[in-house]
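Novice: Below is the file protein19.cif, with mmCIF, C-alpha atoms and all ligand atoms.
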```cif
data_model
loop_
_atom_site.label_atom_id
_atom_site.label_comp_id
_atom_site.auth_asym_id
_atom_site.auth_seq_id
_atom_site.Cartn_x
_atom_site.Cartn_y
_atom_site.Cartn_z
CA MET R 1 -0.39 -14.88 -4.07
CA ARG R 2 -1.40 -17.09 -6.98
CA VAL R 3 2.13 -16.90 -8.27
CA ILE R 4 3.52 -18.06 -4.92
CA ALA R 5 0.99 -20.90 -4.70
CA ALA R 6 1.85 -22.04 -8.21
CA PHE R 7 5.53 -21.90 -7.39
CA ILE R 8 5.13 -24.05 -4.27
CA ILE R 9 3.17 -26.62 -6.27
CA VAL R 10 5.88 -26.71 -8.91
CA LEU R 11 8.56 -27.28 -6.28
CA ALA R 12 6.49 -29.98 -4.59
CA VAL R 13 6.03 -31.79 -7.89
CA ALA R 14 9.69 -31.46 -8.71
CA SER R 15 10.72 -33.00 -5.40
CA THR R 16 8.62 -36.17 -5.55
CA ASN R 17 10.68 -39.21 -6.49
CA SER R 18 8.65 -40.07 -9.52
CA GLN R 19 8.88 -36.64 -11.15
CA ARG R 20 10.52 -36.98 -14.49
CA ILE R 21 12.89 -34.21 -15.45
CA SER R 22 14.73 -33.96 -18.74
CA THR R 23 18.44 -33.39 -18.70
CA ILE R 24 20.92 -33.38 -21.54
CA GLN R 25 24.42 -34.74 -21.46
CA LEU R 26 27.09 -32.76 -23.24
CA ASP R 27 30.81 -33.61 -23.08
CA GLY R 28 30.20 -35.74 -20.01
CA THR R 29 28.30 -33.11 -18.03
CA GLN R 30 24.62 -33.43 -17.27
CA TYR R 31 22.59 -30.23 -17.63
CA PHE R 32 19.03 -29.32 -16.72
CA ILE R 33 17.89 -26.42 -18.91
CA SER R 34 14.71 -24.99 -17.38
CA ARG R 35 13.33 -23.95 -20.78
CA LEU R 36 13.34 -27.60 -21.91
CA ASN R 37 11.19 -28.63 -18.94
CA PRO R 38 7.54 -27.55 -19.19
CA TYR R 39 7.00 -27.40 -15.41
CA ALA R 40 10.07 -25.36 -14.55
CA PRO R 41 9.19 -21.70 -13.90
CA GLU R 42 11.34 -18.68 -14.70
CA LEU R 43 12.89 -17.52 -11.44
CA ASN R 44 15.11 -14.87 -9.91
CA TYR R 45 18.77 -15.77 -9.32
CA PHE R 46 18.30 -16.92 -5.73
CA LEU R 47 15.29 -19.11 -6.40
CA ALA R 48 17.00 -20.54 -9.49
CA TYR R 49 19.92 -21.52 -7.26
CA GLN R 50 17.50 -23.11 -4.81
CA TYR R 51 15.51 -24.86 -7.54
CA CYS R 52 18.67 -26.51 -8.89
CA ARG R 53 19.52 -27.70 -5.37
CA SER R 54 16.02 -29.15 -5.01
CA LEU R 55 16.83 -31.33 -8.04
CA GLY R 56 20.15 -32.39 -6.52
CA LEU R 57 21.94 -30.20 -9.07
CA GLN R 58 23.78 -26.88 -9.00
CA LEU R 59 23.31 -23.68 -10.96
CA THR R 60 25.86 -23.98 -13.75
CA SER R 61 29.43 -22.63 -13.76
CA PHE R 62 31.90 -22.23 -16.60
CA GLU R 63 35.36 -23.16 -15.39
CA THR R 64 36.80 -23.69 -18.86
CA LYS R 65 36.42 -22.03 -22.23
CA GLU R 66 35.60 -25.40 -23.83
CA LYS R 67 32.67 -25.95 -21.49
CA ALA R 68 31.30 -22.45 -22.14
CA ASP R 69 31.73 -22.80 -25.91
CA THR R 70 30.13 -26.25 -26.09
CA LEU R 71 27.04 -25.37 -24.08
CA THR R 72 26.57 -22.01 -25.80
CA GLN R 73 26.87 -23.63 -29.22
CA TYR R 74 24.34 -26.30 -28.30
CA MET R 75 21.89 -23.72 -26.98
CA LYS R 76 22.22 -21.53 -30.06
CA ASN R 77 21.64 -24.51 -32.35
CA ALA R 78 18.61 -25.48 -30.27
CA GLY R 79 17.16 -21.96 -30.69
CA LEU R 80 17.38 -21.25 -26.95
CA ASN R 81 19.19 -17.95 -27.50
CA LYS R 82 15.92 -16.05 -27.55
CA TYR R 83 15.72 -16.60 -23.77
CA GLU R 84 17.97 -15.51 -20.91
CA PHE R 85 19.50 -17.97 -18.46
CA TRP R 86 20.99 -17.65 -15.00
CA THR R 87 24.42 -19.13 -14.35
CA SER R 88 25.89 -19.36 -10.84
CA GLY R 89 28.22 -16.40 -11.48
CA ASN R 90 27.88 -13.38 -9.21
CA LYS R 91 29.77 -10.60 -7.46
CA LEU R 92 27.36 -10.28 -4.57
CA GLY R 93 29.79 -10.74 -1.71
CA THR R 94 33.03 -9.26 -3.03
CA SER R 95 34.46 -7.23 -5.87
CA MET R 96 35.45 -10.37 -7.75
CA LEU R 97 33.20 -12.48 -9.92
CA LEU R 98 32.79 -15.93 -8.43
CA TRP R 99 30.97 -19.05 -9.51
CA MET R 100 28.73 -19.63 -6.52
CA SER R 101 28.25 -23.35 -7.21
CA THR R 102 31.95 -24.22 -7.29
CA GLY R 103 33.37 -21.44 -5.14
CA LEU R 104 35.91 -20.70 -7.88
CA PRO R 105 36.80 -17.27 -9.26
CA PHE R 106 36.23 -16.68 -12.98
CA ASN R 107 38.94 -18.20 -15.14
CA ALA R 108 41.31 -15.37 -16.05
CA THR R 109 42.41 -17.02 -19.33
CA PHE R 110 39.17 -16.03 -21.10
CA ASN R 111 36.58 -13.33 -20.58
CA TYR R 112 33.11 -13.72 -22.02
CA LEU R 113 31.53 -10.79 -20.18
CA ASN R 114 29.81 -8.53 -22.68
CA HIS R 115 31.10 -4.99 -23.17
CA GLU R 116 28.59 -3.28 -20.91
CA SER R 117 29.22 -5.77 -18.10
CA GLN R 118 32.97 -5.20 -18.35
CA ILE R 119 32.35 -1.50 -17.79
CA ASP R 120 30.10 -2.27 -14.79
CA GLN R 121 32.76 -4.62 -13.51
CA ALA R 122 35.49 -2.00 -13.85
CA ASP R 123 33.53 0.80 -12.17
CA PRO R 124 35.17 1.14 -8.74
CA SER R 125 32.04 2.60 -7.15
CA ILE R 126 30.10 -0.51 -8.13
CA ASN R 127 33.01 -2.79 -7.67
CA ALA R 128 34.50 -1.75 -4.34
CA ALA R 129 34.87 -4.39 -1.65
CA ARG R 130 32.08 -3.60 0.74
CA HIS R 131 29.81 -4.70 3.47
CA LEU R 132 26.79 -6.20 1.80
CA ASP R 133 24.88 -3.11 0.70
CA VAL R 134 21.51 -4.31 -0.47
CA SER R 135 20.90 -1.14 -2.46
CA ALA R 136 23.99 -1.91 -4.55
CA LEU R 137 23.05 -5.49 -5.38
CA GLY R 138 21.46 -4.58 -8.72
CA LYS R 139 23.48 -5.94 -11.60
CA SER R 140 25.56 -8.49 -9.73
CA CYS R 141 24.46 -11.85 -11.15
CA VAL R 142 25.66 -13.33 -14.43
CA SER R 143 23.13 -14.41 -17.03
CA LEU R 144 23.55 -15.68 -20.57
CA SER R 145 21.70 -13.07 -22.63
CA GLY R 146 21.24 -11.93 -26.19
CA ALA R 147 21.55 -13.76 -29.49
CA ASN R 148 25.09 -14.87 -28.63
CA LEU R 149 24.24 -15.78 -25.03
CA GLU R 150 26.91 -13.41 -23.80
CA TRP R 151 27.82 -13.28 -20.11
CA THR R 152 25.87 -10.33 -18.78
CA LEU R 153 25.76 -8.71 -15.35
CA SER R 154 22.03 -8.65 -14.65
CA ASP R 155 19.70 -7.64 -11.87
CA CYS R 156 19.67 -10.65 -9.51
CA GLY R 157 15.98 -10.12 -8.82
CA ALA R 158 14.99 -10.41 -12.48
CA VAL R 159 13.06 -13.52 -13.45
CA LYS R 160 14.84 -15.69 -16.04
CA ASP R 161 15.33 -19.24 -17.22
CA PHE R 162 18.31 -21.04 -15.73
CA ILE R 163 20.73 -23.91 -16.26
CA CYS R 164 21.54 -26.49 -13.61
CA GLU R 165 24.31 -29.07 -13.82
CA GLN R 166 25.62 -32.05 -11.99
CA THR R 167 28.91 -31.08 -10.40
CA ARG R 168 31.61 -33.07 -8.75
CA CYS R 169 34.31 -31.74 -6.51
CA TYR R 170 37.65 -32.59 -8.05
CA TYR R 171 39.88 -30.81 -5.62
CA TYR R 172 39.55 -32.52 -2.25
CA ASN R 173 39.66 -35.96 -0.82
CA TYR R 174 37.49 -35.49 2.24
CA GLY R 175 38.94 -38.47 4.10
CA SER R 176 35.76 -38.76 6.20
CA ILE R 177 36.16 -40.32 9.62
CA PRO R 178 33.13 -42.42 10.61
CA VAL R 179 31.88 -41.42 14.07
CA SER R 180 28.75 -42.05 16.12
CA ALA R 181 26.70 -39.58 18.13
CA THR R 182 27.79 -41.15 21.41
CA GLN R 183 31.49 -40.66 20.70
CA GLY R 184 33.11 -37.67 22.43
C1 LIG W 201 40.90 -22.07 -17.50
O1 LIG W 201 40.52 -22.21 -18.85
C2 LIG W 201 41.44 -22.93 -19.66
C3 LIG W 201 40.94 -22.88 -21.09
O2 LIG W 201 39.68 -23.46 -21.19
C4 LIG W 201 41.56 -24.35 -19.12
O3 LIG W 201 42.49 -25.08 -19.87
C5 LIG W 201 41.99 -24.32 -17.65
O4 LIG W 201 42.00 -25.61 -17.11
C6 LIG W 201 41.02 -23.45 -16.86
N1 LIG W 201 41.47 -23.32 -15.46
C7 LIG W 201 40.75 -23.80 -14.43
C8 LIG W 201 41.31 -23.54 -13.07
O5 LIG W 201 39.70 -24.43 -14.57
#
```
Please re-express this file's structure in structure tokens.
Ligand SMILES: *[C@@H]1O[C@H](CO)[C@@H](O)[C@H](O)[C@H]1NC(C)=O
Specialist:
Amino acid sequence: MRVIAAFIIVLAVASTNSQRISTIQLDGTQYFISRLNPYAPELNYFLAYQYCRSLGLQLTSFETKEKADTLTQYMKNAGLNKYEFWTSGNKLGTSMLLWMSTGLPFNATFNYLNHESQIDQADPSINAARHLDVSALGKSCVSLSGANLEWTLSDCGAVKDFICEQTRCYYYNYGSIPVSATQG
């Protein structure tokens, strides 16, 4: 109960306009690394996703090798590799790994999943397309873990640090049509 109360307070503080949060900018992308912000709690995957949204950000995705390498290098140099961090990667809804924040599948030109996660990923009993079977959700969310911050299939309910980023959608021009509520 105290944990929940503390969490609600943290979210409330984070959502006031005047709350100062620290982000870093690396190769043109703005990141919020929870570990660098004293008020940010460690959270499970789902609450980390929600926390990023409450800041107007998204849980981070690695679309390119360069982006993954740059952020990982920065975090190792900053000594952050003794913690574990959620990314938006998961295979919760399908057999394929997807970046939840961008909707994109993992980039097939590079594979940073650690050895154990590749075995989990290849196991057809874990991997089969399925109706959402809550008992099988275990290791379905991708964290950066270990001294090299390797991509690791982790238990989505585990509490970890997380990385948010500011994302833009490059792929669509929405061509919004202005309408009013009284128009049919
Ligand atoms: C996949 O990764 C390569 C290497 O970083 C990059 O050049 C390419 O643009 C990426 N593809 C997508 C769809 O982002």
Novice: Centre and edge lengths, as AutoDock Vina command-line options, for the axis-aligned box enclosing every listed atom of ligand LIG 201 (chain W) with 8 Å of padding on each of the six sides, in Å to one decimal?
Specialist:
```
--center_x 41.1 --center_y -23.8 --center_z -17.1 --size_x 18.8 --size_y 19.5 --size_z 24.1
```
Novice: Give me, as number ranges by chain, the set of residues whose atoms come within 10 Å of any atom of ligand LIG 201 (chain W), counting all atoms listed in the file.
Specialist: R: 62-69, 104-111
Novice: Under the rule that all atoms listed in the file are counted, which of R:Glu165, R:Asp155, R:Glu42, R:Glu150 is the nearest residue to Gln58 (chain R)?
Specialist: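 That would be R:Glu165, the residue with the smallest distance to Gln58 (chain R).
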Novice: For CA of Lys139 (chain R) and CA of Asn81 (chain R), quote the distance in Å rounded to one decimal.
Specialist: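 Atom-to-atom, CA of Lys139 (chain R) and CA of Asn81 (chain R) are spaced 20.4 Å apart.
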Novice: From the set R:Gly103, R:Gly89, R:Gly28, R:Gly175, which residue has the shortest atom-to-atom contact distance to Tyr45 (chain R), counting all atoms listed in the file?
Specialist: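 Checking each candidate against Tyr45 (chain R), we get R:Gly89 as the closest.
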Novice: Using CA of Arg20 (chain R) and CA of Tyr49 (chain R) as the two end points, give the distance in Å to one decimal.
Specialist: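 CA of Tyr49 (chain R) lies at a distance of 19.5 Å from CA of Arg20 (chain R).
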Novice: CA of Leu43 (chain R) and CA of Asp161 (chain R) are how many Å apart?
Specialist: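 So the two atoms, CA of Leu43 (chain R) and CA of Asp161 (chain R), lie 6.5 Å apart.
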Novice: I'd like the contact shell of Gly79 (chain R) - 12 Å cut-off, all atoms listed in the file, skipping same-chain residues fewer than 4 positions apart - returned as a CSV table (one decimal) with C-alpha atoms, in the coordinates of the input.
Specialist:
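Written out: selection35.csv:
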```
chain,number,residue,atom,x,y,z
R,35,ARG,CA,13.3,-24.0,-20.8
R,36,LEU,CA,13.3,-27.6,-21.9
R,72,THR,CA,26.6,-22.0,-25.8
R,73,GLN,CA,26.9,-23.6,-29.2
R,74,TYR,CA,24.3,-26.3,-28.3
R,75,MET,CA,21.9,-23.7,-27.0
R,83,TYR,CA,15.7,-16.6,-23.8
R,84,GLU,CA,18.0,-15.5,-20.9
R,146,GLY,CA,21.2,-11.9,-26.2
R,147,ALA,CA,21.6,-13.8,-29.5
R,148,ASN,CA,25.1,-14.9,-28.6
R,149,LEU,CA,24.2,-15.8,-25.0
```
Novice: With only C-alpha atoms as the atoms that count, which of R:Gln50, R:Thr167, R:Asn44, R:Gln121 lies nearest to Thr102 (chain R)?
Specialist: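 With only C-alpha atoms as the atom set, the closest residue is R:Thr167.
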Novice: Determine, counting all atoms listed in the file, which protein, DNA and RNA residues have an atom within 10 Å of an atom of region 29-33 of chain R; residues of the same chain fewer than 4 positions away are not included. Present the result as a ChimeraX atom specification.
Specialist: /R:21-25,37,40,52,55,57-60,67,71,75,80,85,161-168
Novice: If you count all atoms listed in the file, which residues fall within 7 Å of Ser154 (chain R), apart from same-chain ones fewer than 4 positions away, as a list in words?
Specialist: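 So, after excluding close chain neighbours, the residues are Lys139, Ser140, Cys141, Val142 and Ser143 of chain R.
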